[in-house]
$ cat work_22.cif   # mmCIF, C-alpha atoms and all ligand atoms
data_work
#
loop_
_atom_site.label_atom_id
_atom_site.label_comp_id
_atom_site.auth_asym_id
_atom_site.auth_seq_id
_atom_site.Cartn_x
_atom_site.Cartn_y
_atom_site.Cartn_z
CA MET A 149 28.56 -4.82 -56.48
CA SER A 150 25.83 -2.82 -58.26
CA GLU A 151 25.21 -0.08 -55.69
CA GLY A 152 22.09 1.13 -57.45
CA GLY A 153 20.95 -2.38 -58.26
CA ALA A 154 17.79 -4.15 -57.30
CA THR A 155 16.99 -6.32 -54.30
CA ILE A 156 15.76 -9.73 -55.40
CA GLY A 157 14.50 -12.86 -53.69
CA ILE A 158 15.16 -16.47 -54.69
CA ASP A 159 12.99 -19.37 -53.53
CA LEU A 160 14.82 -22.61 -54.33
CA GLY A 161 12.74 -25.73 -53.82
CA GLY A 162 13.11 -29.38 -54.75
CA THR A 163 10.87 -29.15 -57.81
CA ARG A 164 10.79 -25.49 -58.77
CA MET A 165 12.56 -22.25 -58.19
CA ARG A 166 11.37 -18.65 -58.32
CA VAL A 167 13.15 -15.35 -58.60
CA GLY A 168 11.26 -12.17 -57.73
CA ARG A 169 11.40 -8.52 -56.83
CA ARG A 170 8.89 -5.96 -55.60
CA ASP A 171 6.92 -4.06 -58.23
CA GLY A 172 6.68 -0.83 -56.22
CA ARG A 173 2.90 -1.14 -55.86
CA GLY A 174 2.77 -3.72 -53.08
CA GLY A 175 3.04 -6.68 -55.43
CA LEU A 176 5.71 -8.96 -56.85
CA ILE A 177 7.30 -9.49 -60.23
CA ALA A 178 8.42 -13.08 -60.39
CA GLU A 179 9.80 -15.61 -62.83
CA ARG A 180 9.86 -19.34 -62.29
CA ALA A 181 11.57 -22.42 -63.66
CA LEU A 182 11.79 -26.10 -62.83
CA SER A 183 14.74 -26.85 -60.55
CA PRO A 184 17.39 -28.64 -62.63
CA ALA A 185 19.02 -31.77 -61.23
CA GLY A 186 22.46 -30.14 -61.13
CA ALA A 187 23.51 -27.10 -59.13
CA GLU A 188 25.68 -25.43 -61.79
CA GLU A 189 22.89 -25.51 -64.37
CA GLY A 190 20.47 -24.34 -61.70
CA VAL A 191 22.55 -21.33 -60.72
CA ALA A 192 23.04 -20.40 -64.37
CA GLN A 193 19.24 -20.35 -64.71
CA LEU A 194 18.79 -18.37 -61.50
CA VAL A 195 21.31 -15.79 -62.69
CA ALA A 196 19.57 -15.52 -66.08
CA LEU A 197 16.17 -15.04 -64.38
CA ALA A 198 17.66 -12.43 -62.02
CA ARG A 199 19.11 -10.46 -64.93
CA ARG A 200 15.79 -10.61 -66.73
CA ILE A 201 13.79 -9.14 -63.83
CA ALA A 202 16.57 -6.74 -62.77
CA PRO A 203 18.20 -5.46 -65.98
CA GLU A 204 19.71 -2.54 -64.03
CA GLY A 205 21.80 -4.98 -62.00
CA VAL A 206 21.40 -6.74 -58.65
CA ALA A 207 22.71 -5.33 -55.38
CA ARG A 208 21.19 -7.65 -52.79
CA VAL A 209 19.85 -11.20 -52.86
CA GLY A 210 17.86 -13.08 -50.23
CA VAL A 211 17.69 -16.85 -50.70
CA SER A 212 15.26 -19.40 -49.33
CA ALA A 213 16.81 -22.85 -49.81
CA ALA A 214 15.69 -26.35 -48.97
CA GLY A 215 17.69 -27.53 -45.96
CA PRO A 216 19.83 -28.55 -44.42
CA LEU A 217 22.38 -25.85 -45.04
CA ASP A 218 25.49 -24.49 -43.40
CA PHE A 219 24.84 -20.92 -42.30
CA ALA A 220 28.49 -20.10 -41.78
CA THR A 221 29.71 -21.18 -45.22
CA GLY A 222 26.59 -20.74 -47.37
CA VAL A 223 26.85 -24.35 -48.54
CA ILE A 224 23.65 -26.33 -49.07
CA VAL A 225 22.94 -30.06 -48.65
CA PRO A 226 19.26 -30.25 -49.63
CA LEU A 227 17.80 -33.64 -48.71
CA ASN A 228 15.81 -34.15 -51.91
CA MET A 229 18.24 -32.52 -54.35
CA PRO A 230 21.33 -34.76 -54.54
CA GLY A 231 22.83 -32.82 -57.49
CA TRP A 232 23.04 -29.74 -55.25
CA HIS A 233 24.77 -31.38 -52.29
CA HIS A 234 27.73 -29.47 -50.83
CA TYR A 235 27.28 -26.66 -53.35
CA PRO A 236 28.52 -23.21 -52.26
CA LEU A 237 25.32 -21.47 -53.31
CA VAL A 238 25.93 -18.15 -51.53
CA ALA A 239 29.46 -17.77 -52.89
CA GLU A 240 28.45 -18.67 -56.46
CA LEU A 241 25.42 -16.38 -56.57
CA SER A 242 27.47 -13.59 -55.04
CA ARG A 243 30.27 -14.04 -57.60
CA GLN A 244 28.07 -14.42 -60.66
CA LEU A 245 25.66 -11.58 -59.79
CA ASP A 246 28.28 -9.36 -58.12
CA ALA A 247 25.83 -8.90 -55.25
CA ALA A 248 25.56 -9.36 -51.49
CA VAL A 249 23.77 -12.65 -50.79
CA VAL A 250 22.11 -13.84 -47.58
CA MET A 251 20.48 -17.26 -47.23
CA ASP A 252 18.37 -19.20 -44.76
CA ASN A 253 16.34 -22.39 -44.92
CA ASP A 254 12.87 -22.45 -46.45
CA ALA A 255 10.86 -22.75 -43.23
CA ASN A 256 12.76 -19.92 -41.54
CA VAL A 257 12.44 -17.65 -44.56
CA ALA A 258 8.73 -18.37 -44.97
CA ALA A 259 8.32 -17.59 -41.25
CA LEU A 260 10.02 -14.24 -41.79
CA GLY A 261 7.74 -13.47 -44.73
CA GLU A 262 4.61 -14.38 -42.76
CA TRP A 263 5.78 -12.35 -39.79
CA ARG A 264 6.47 -9.22 -41.78
CA GLU A 265 3.73 -9.29 -44.41
CA GLY A 266 1.45 -12.29 -43.87
CA ALA A 267 -0.70 -13.83 -41.15
CA GLY A 268 1.83 -12.99 -38.43
CA ARG A 269 1.90 -9.27 -39.09
CA GLY A 270 1.92 -7.17 -35.93
CA THR A 271 3.34 -9.89 -33.67
CA ARG A 272 6.69 -9.76 -31.88
CA THR A 273 7.02 -13.50 -31.36
CA MET A 274 5.63 -15.94 -33.89
CA VAL A 275 6.12 -19.56 -34.87
CA TYR A 276 5.51 -20.93 -38.36
CA TYR A 277 5.06 -24.57 -39.30
CA THR A 278 5.06 -25.71 -42.89
CA VAL A 279 3.17 -29.00 -43.21
CA SER A 280 3.66 -30.58 -46.62
CA THR A 281 5.77 -33.58 -47.61
CA GLY A 282 7.58 -33.01 -44.31
CA VAL A 283 7.14 -30.59 -41.42
CA GLY A 284 9.47 -27.61 -41.02
CA SER A 285 9.46 -24.86 -38.42
CA GLY A 286 10.56 -21.26 -38.22
CA VAL A 287 10.70 -19.28 -34.99
CA ILE A 288 10.63 -15.48 -35.02
CA LEU A 289 11.68 -13.82 -31.78
CA GLU A 290 11.45 -10.03 -31.65
CA GLY A 291 11.49 -9.82 -35.42
CA ARG A 292 14.48 -12.07 -36.02
CA ILE A 293 14.83 -15.68 -37.06
CA HIS A 294 15.84 -17.74 -34.03
CA HIS A 295 18.49 -20.34 -34.90
CA GLY A 296 19.61 -21.33 -31.42
CA ALA A 297 22.87 -23.25 -31.40
CA HIS A 298 22.12 -24.70 -34.84
CA ASP A 299 18.51 -24.41 -36.00
CA THR A 300 15.01 -25.39 -34.91
CA GLU A 301 13.35 -28.65 -35.96
CA GLY A 302 9.80 -28.36 -34.69
CA GLY A 303 8.71 -31.11 -37.05
CA HIS A 304 10.75 -33.59 -35.01
CA GLN A 305 9.21 -32.91 -31.62
CA VAL A 306 7.51 -36.05 -30.30
CA VAL A 307 3.72 -35.75 -30.25
CA TRP A 308 2.93 -39.49 -30.09
CA PRO A 309 5.36 -41.45 -27.86
CA ASN A 310 6.19 -44.79 -29.51
CA GLY A 311 4.12 -43.72 -32.52
CA PRO A 312 4.95 -44.23 -36.21
CA VAL A 313 8.60 -44.30 -37.29
CA CYS A 314 9.90 -40.98 -38.64
CA GLY A 315 12.38 -40.43 -41.46
CA CYS A 316 14.83 -39.21 -38.80
CA GLY A 317 14.78 -42.63 -37.12
CA ASN A 318 12.77 -41.57 -34.08
CA ARG A 319 9.17 -42.56 -33.36
CA GLY A 320 6.12 -40.32 -33.14
CA CYS A 321 7.59 -37.06 -34.44
CA LEU A 322 5.03 -34.49 -35.60
CA GLU A 323 6.35 -35.06 -39.14
CA ALA A 324 5.79 -38.83 -38.93
CA VAL A 325 2.15 -38.29 -37.97
CA VAL A 326 0.79 -35.24 -39.83
CA SER A 327 3.01 -34.71 -42.91
CA GLY A 328 2.01 -35.91 -46.36
CA THR A 329 4.67 -38.61 -46.11
CA GLY A 330 3.49 -39.63 -42.65
CA ILE A 331 -0.15 -39.80 -43.74
CA ARG A 332 0.77 -41.92 -46.75
CA ASN A 333 2.91 -44.28 -44.67
CA ARG A 334 0.13 -44.74 -42.14
CA THR A 335 -2.89 -45.01 -44.47
CA GLY A 336 -1.52 -45.84 -47.92
CA LYS A 337 -3.36 -42.76 -49.22
CA ARG A 338 -2.59 -39.17 -49.96
CA GLY A 339 -4.19 -36.66 -47.60
CA GLU A 340 -6.25 -35.20 -50.47
CA GLU A 341 -7.91 -38.61 -50.91
CA ILE A 342 -9.11 -38.81 -47.31
CA ASP A 343 -12.39 -37.19 -46.32
CA ASP A 344 -13.21 -39.11 -43.13
CA PRO A 345 -13.82 -36.40 -40.46
CA ALA A 346 -12.55 -38.73 -37.73
CA PHE A 347 -9.20 -38.97 -39.48
CA TRP A 348 -8.84 -35.19 -39.71
CA ASP A 349 -9.94 -34.86 -36.10
CA GLU A 350 -7.04 -37.15 -35.18
CA ILE A 351 -4.61 -35.09 -37.30
CA ALA A 352 -5.93 -31.95 -35.56
CA PHE A 353 -5.27 -33.58 -32.18
CA TYR A 354 -1.61 -34.35 -32.91
CA LEU A 355 -1.07 -30.94 -34.47
CA ALA A 356 -2.66 -29.43 -31.35
CA VAL A 357 -0.12 -31.26 -29.18
CA GLY A 358 2.65 -29.63 -31.22
CA VAL A 359 0.97 -26.24 -31.15
CA ALA A 360 0.38 -26.41 -27.39
CA ASN A 361 3.99 -27.49 -26.72
CA THR A 362 5.14 -24.56 -28.83
CA ALA A 363 2.79 -22.10 -27.13
CA ASN A 364 3.77 -23.21 -23.64
CA LEU A 365 7.50 -23.01 -24.38
CA LEU A 366 7.71 -19.77 -26.39
CA CYS A 367 4.42 -17.97 -25.69
CA PRO A 368 4.11 -16.59 -29.24
CA GLU A 369 1.29 -14.28 -30.19
CA ALA A 370 0.59 -16.35 -33.29
CA ILE A 371 1.28 -19.83 -34.63
CA ILE A 372 0.92 -19.91 -38.40
CA LEU A 373 0.54 -23.06 -40.48
CA GLY A 374 1.55 -23.12 -44.14
CA GLY A 375 2.02 -25.83 -46.74
CA GLY A 376 -0.37 -28.23 -48.40
CA ILE A 377 -2.30 -29.04 -45.24
CA THR A 378 -3.84 -25.56 -45.13
CA ALA A 379 -6.07 -26.59 -48.05
CA ARG A 380 -8.16 -28.47 -45.44
CA GLY A 381 -9.38 -25.11 -44.14
CA ASP A 382 -11.95 -25.14 -41.33
CA GLN A 383 -12.14 -28.93 -41.31
CA LEU A 384 -8.68 -28.79 -39.76
CA PHE A 385 -8.39 -25.36 -38.16
CA VAL A 386 -11.66 -25.42 -36.18
CA PRO A 387 -10.85 -28.63 -34.24
CA LEU A 388 -7.16 -27.64 -34.07
CA ARG A 389 -7.95 -24.36 -32.30
CA GLU A 390 -10.39 -26.06 -29.95
CA LYS A 391 -8.02 -28.88 -29.00
CA ALA A 392 -5.02 -26.58 -28.63
CA ALA A 393 -7.00 -24.21 -26.41
CA GLY A 394 -7.82 -27.18 -24.19
CA MET A 395 -4.10 -27.91 -23.72
CA ILE A 396 -2.94 -24.32 -23.10
CA ARG A 397 -4.31 -23.58 -19.64
CA ILE A 398 -2.01 -21.04 -18.02
CA LEU A 399 -0.97 -18.77 -20.88
CA PRO A 400 -3.06 -16.87 -23.42
CA VAL A 401 -3.91 -19.05 -26.42
CA PRO A 402 -2.09 -17.70 -29.50
CA ARG A 403 -3.81 -16.99 -32.77
CA ILE A 404 -3.68 -20.18 -34.84
CA GLU A 405 -4.07 -19.33 -38.50
CA PRO A 406 -3.26 -20.50 -42.01
CA SER A 407 -0.50 -18.78 -43.95
CA GLY A 408 -1.48 -15.37 -45.28
CA LEU A 409 0.93 -15.41 -48.22
CA GLY A 410 0.41 -18.98 -49.41
CA GLN A 411 2.79 -19.88 -52.22
CA ASP A 412 4.51 -16.51 -51.94
CA SER A 413 5.67 -16.81 -48.32
CA GLY A 414 9.14 -18.07 -49.35
CA LEU A 415 9.70 -15.42 -52.00
CA VAL A 416 8.41 -12.56 -49.84
CA GLY A 417 10.49 -13.89 -46.95
CA ALA A 418 13.59 -13.98 -49.15
CA LEU A 419 13.03 -10.33 -50.04
CA VAL A 420 12.52 -9.39 -46.38
CA LEU A 421 15.68 -11.34 -45.50
CA ALA A 422 17.73 -9.31 -48.00
CA GLU A 423 16.09 -6.03 -46.97
CA THR A 424 16.63 -6.53 -43.23
CA SER A 425 19.91 -8.44 -43.01
CA ALA A 426 22.96 -6.58 -41.78
CA GLU A 427 25.04 -8.69 -44.19
CA CYS A 428 23.29 -7.25 -47.24
ZN ZN A 501 11.59 -37.15 -36.78
#

$ encode --input "work_22.cif" --output "structure tokens"
Amino acid sequence: MSEGGATIGIDLGGTRMRVGRRDGRGGLIAERALSPAGAEEGVAQLVALARRIAPEGVARVGVSAAGPLDFATGVIVPLNMPGWHHYPLVAELSRQLDAAVVMDNDANVAALGEWREGAGRGTRTMVYYTVSTGVGSGVILEGRIHHGAHDTEGGHQVVWPNGPVCGCGNRGCLEAVVSGTGIRNRTGKRGEEIDDPAFWDEIAFYLAVGVANTANLLCPEAIILGGGITARGDQLFVPLREKAAGMIRILPVPRIEPSGLGQDSGLVGALVLAETSAEC
């Protein structure tokens, strides 16, 4: 392992992947590429990008990967990337870069990034939801990602009993109602094409149910929402805060805010993961 080498972050998504490091002035140096269909070609590209941004060598790598993944073995089974199924990503990156590698799923890593350097800064307990094609969740308890016995799946909490069918087979999951896929299944349209305030008020209501459930169970100081849905801005967040506050009666209402890092939450989180993990 390159003792004096750089710490880098990798954000591996279904359509694109990014490799980055800190620039020493509070910013990032990052390279990106489209995610190839096959894992071996993809890792070859990731290694090439890593060597380009860290010519002195790489010591530590934090990886944000689309789930699900096996934390114990470092093997990934990303739902929308069949060519990467059952690939030992941690072992291969570690071998090819001669570096220590730590990995977590994209929602957890983005949560870590938001907690440390984004909208969740200064909190001890924070929950992050990414609302895009699907809905993922990341729970930060006392500065650490909370996995529980396996991992959290806040997108599959029921917010609408007997509601629309979810990809998981259940009915009325948060994901089935508010995700891009859920909105398209219910309306035949993409969220960006819908301007009806009543529709967004309804989305805010179901999100508020999820936010209030989360607040009442974990009492976080902040609940942060990332992903495509944040583009709605106040049209979503104003009614969401109002409705959630109406459902959280006993505890303090947490801050409910859009992601502070936007597209960078995964890459920043991957860097924080590498910088803070005992395995690195
Ligand atoms: Zn579900």

$ residues_near_ligand --input "work_22.cif" --ligand "ligand ZN 501 (chain A)" --cutoff "7 Å" --atoms "all atoms listed in the file" --output "list in words"
Gly303, His304, Cys314, Gly315, Cys316, Gly317, Asn318, Arg319, Cys321, Glu323 and Ala324 of chain A

$ closest_residue --input "work_22.cif" --among "A:Asp171, A:Glu301, A:Asp412, A:Glu369" --to "Val275 (chain A)" --atoms "only C-alpha atoms"
A:Glu369

$ residues_around --input "work_22.cif" --residues "Asp254 (chain A)" --least-positions-apart "5" --cutoff "8 Å" --atoms "only C-alpha atoms" --output "list in words"
Asp159, Ser212, Ala213, Ala214, Gly215 and Gly414 of chain A

$ closest_residue --input "work_22.cif" --among "A:Val287, A:Leu241, A:Ala255, A:Val279" --to "Ala379 (chain A)" --atoms "only C-alpha atoms"
A:Val279

$ atom_distance --input "work_22.cif" --atom1 "CA of Val420 (chain A)" --atom2 "CA of Gly261 (chain A)"
6.5 Å

$ residues_around --input "work_22.cif" --residues "Leu237 (chain A)" --least-positions-apart "3" --cutoff "9 Å" --atoms "all atoms listed in the file" --output "list in words"
Ala187, Val191, Gly222, Val223, Ile224, Trp232, His234, Glu240, Leu241, Ser242 and Met251 of chain A

$ atom_distance --input "work_22.cif" --atom1 "CA of Gly296 (chain A)" --atom2 "CA of Val257 (chain A)"
15.4 Å

$ atom_distance --input "work_22.cif" --atom1 "CA of Ile293 (chain A)" --atom2 "CA of Arg208 (chain A)"
18.8 Å

$ residues_around --input "work_22.cif" --residues "Ala207 (chain A)" --least-positions-apart "2" --cutoff "12 Å" --atoms "all atoms listed in the file" --output "ChimeraX atom specification"
/A:149-157,169,198-199,202-205,209-210,241-250,422-423,427-428

$ closest_residue --input "work_22.cif" --among "A:Ala352, A:Ile331, A:Leu373, A:Leu217" --to "Pro387 (chain A)" --atoms "only C-alpha atoms"
A:Ala352

$ residues_around --input "work_22.cif" --residues "Gln193 (chain A)" --least-positions-apart "2" --cutoff "12 Å" --atoms "only C-alpha atoms" --output "number ranges by chain"
A: 158, 160, 164-167, 179-191, 195-200, 241, 244-245

$ closest_residue --input "work_22.cif" --among "A:Pro400, A:Ser327, A:Arg332, A:Pro216" --to "Leu366 (chain A)" --atoms "all atoms listed in the file"
A:Pro400

$ closest_residue --input "work_22.cif" --among "A:His233, A:His294, A:Arg272, A:Arg397" --to "Ala370 (chain A)" --atoms "only C-alpha atoms"
A:Arg272

$ closest_residue --input "work_22.cif" --among "A:Val401, A:Val225, A:Leu194, A:Ala258" --to "Tyr277 (chain A)" --atoms "only C-alpha atoms"
A:Ala258

$ residues_near_point --input "work_22.cif" --point "(8.8, -21.7, -36.4)" --cutoff "7 Å" --atoms "only C-alpha atoms" --output "short mmCIF file (atom, residue, chain, number, x, y, z; two decimals) with C-alpha atoms, in the frame of the given file"
data_model
loop_
_atom_site.label_atom_id
_atom_site.label_comp_id
_atom_site.auth_asym_id
_atom_site.auth_seq_id
_atom_site.Cartn_x
_atom_site.Cartn_y
_atom_site.Cartn_z
CA ASN A 256 12.76 -19.92 -41.54
CA ALA A 259 8.32 -17.59 -41.25
CA VAL A 275 6.12 -19.56 -34.87
CA TYR A 276 5.51 -20.93 -38.36
CA TYR A 277 5.06 -24.57 -39.30
CA SER A 285 9.46 -24.86 -38.42
CA GLY A 286 10.56 -21.26 -38.22
CA VAL A 287 10.70 -19.28 -34.99
CA ILE A 288 10.63 -15.48 -35.02
CA GLY A 302 9.80 -28.36 -34.69
#

$ build_atoms --input "work_22.cif" --residues "region 216-251 of chain A" --atoms "N, CA and C atoms" --output "compact mmCIF listing (two decimals), in the frame of the given file"
# COMPACT_ATOMS: atom_id res chain seq x y z
N PRO A 216 19.04 -29.42 -45.30
CA PRO A 216 19.83 -28.55 -44.42
C PRO A 216 20.87 -27.72 -45.17
N LEU A 217 21.33 -26.67 -44.47
CA LEU A 217 22.38 -25.85 -45.04
C LEU A 217 23.31 -25.37 -43.93
N ASP A 218 24.48 -24.95 -44.35
CA ASP A 218 25.49 -24.49 -43.40
C ASP A 218 25.48 -22.96 -43.41
N PHE A 219 24.99 -22.38 -42.33
CA PHE A 219 24.84 -20.92 -42.30
C PHE A 219 26.18 -20.19 -42.40
N ALA A 220 27.20 -20.79 -41.82
CA ALA A 220 28.49 -20.10 -41.78
C ALA A 220 29.15 -20.05 -43.15
N THR A 221 28.99 -21.11 -43.94
CA THR A 221 29.71 -21.18 -45.22
C THR A 221 28.81 -20.92 -46.43
N GLY A 222 27.49 -20.94 -46.23
CA GLY A 222 26.59 -20.74 -47.37
C GLY A 222 26.52 -21.95 -48.29
N VAL A 223 26.88 -23.11 -47.75
CA VAL A 223 26.85 -24.35 -48.54
C VAL A 223 25.55 -25.09 -48.23
N ILE A 224 24.91 -25.63 -49.28
CA ILE A 224 23.65 -26.33 -49.07
C ILE A 224 23.81 -27.84 -49.26
N VAL A 225 22.98 -28.60 -48.52
CA VAL A 225 22.94 -30.06 -48.65
C VAL A 225 21.48 -30.48 -48.68
N PRO A 226 20.71 -30.00 -49.66
CA PRO A 226 19.26 -30.25 -49.63
C PRO A 226 18.93 -31.73 -49.75
N LEU A 227 18.10 -32.22 -48.82
CA LEU A 227 17.80 -33.64 -48.71
C LEU A 227 17.34 -34.25 -50.04
N ASN A 228 16.43 -33.55 -50.73
CA ASN A 228 15.81 -34.15 -51.91
C ASN A 228 16.42 -33.67 -53.21
N MET A 229 17.60 -33.04 -53.14
CA MET A 229 18.24 -32.52 -54.35
C MET A 229 19.71 -32.95 -54.39
N PRO A 230 19.96 -34.24 -54.66
CA PRO A 230 21.33 -34.76 -54.54
C PRO A 230 22.35 -34.02 -55.41
N GLY A 231 21.90 -33.52 -56.59
CA GLY A 231 22.83 -32.82 -57.49
C GLY A 231 23.27 -31.47 -56.95
N TRP A 232 22.68 -31.03 -55.84
CA TRP A 232 23.04 -29.74 -55.25
C TRP A 232 23.82 -29.91 -53.95
N HIS A 233 24.12 -31.15 -53.59
CA HIS A 233 24.77 -31.38 -52.29
C HIS A 233 26.16 -30.75 -52.23
N HIS A 234 26.43 -30.09 -51.11
CA HIS A 234 27.73 -29.47 -50.83
C HIS A 234 28.08 -28.37 -51.83
N TYR A 235 27.06 -27.74 -52.38
CA TYR A 235 27.28 -26.66 -53.35
C TYR A 235 27.36 -25.31 -52.63
N PRO A 236 28.38 -24.52 -52.94
CA PRO A 236 28.52 -23.21 -52.26
C PRO A 236 27.61 -22.16 -52.89
N LEU A 237 26.33 -22.28 -52.61
CA LEU A 237 25.32 -21.47 -53.31
C LEU A 237 25.51 -19.97 -53.08
N VAL A 238 25.78 -19.59 -51.83
CA VAL A 238 25.93 -18.15 -51.53
C VAL A 238 27.13 -17.58 -52.28
N ALA A 239 28.25 -18.27 -52.23
CA ALA A 239 29.46 -17.77 -52.89
C ALA A 239 29.28 -17.67 -54.40
N GLU A 240 28.63 -18.68 -55.00
CA GLU A 240 28.45 -18.67 -56.46
C GLU A 240 27.48 -17.59 -56.91
N LEU A 241 26.37 -17.44 -56.20
CA LEU A 241 25.42 -16.38 -56.57
C LEU A 241 26.07 -15.01 -56.40
N SER A 242 26.81 -14.86 -55.32
CA SER A 242 27.47 -13.59 -55.04
C SER A 242 28.48 -13.26 -56.14
N ARG A 243 29.25 -14.26 -56.56
CA ARG A 243 30.27 -14.04 -57.60
C ARG A 243 29.62 -13.76 -58.95
N GLN A 244 28.63 -14.56 -59.32
CA GLN A 244 28.07 -14.42 -60.66
C GLN A 244 27.18 -13.19 -60.81
N LEU A 245 26.53 -12.77 -59.70
CA LEU A 245 25.66 -11.58 -59.79
C LEU A 245 26.36 -10.32 -59.29
N ASP A 246 27.55 -10.49 -58.72
CA ASP A 246 28.28 -9.36 -58.12
C ASP A 246 27.38 -8.64 -57.11
N ALA A 247 26.81 -9.43 -56.20
CA ALA A 247 25.83 -8.90 -55.25
C ALA A 247 26.08 -9.49 -53.86
N ALA A 248 25.53 -8.81 -52.85
CA ALA A 248 25.56 -9.36 -51.49
C ALA A 248 24.44 -10.39 -51.38
N VAL A 249 24.75 -11.56 -50.83
CA VAL A 249 23.77 -12.65 -50.79
C VAL A 249 23.61 -13.15 -49.36
N VAL A 250 22.38 -13.28 -48.90
CA VAL A 250 22.11 -13.84 -47.58
C VAL A 250 21.10 -14.98 -47.76
N MET A 251 21.31 -16.06 -47.02
CA MET A 251 20.48 -17.26 -47.23
C MET A 251 20.01 -17.83 -45.90
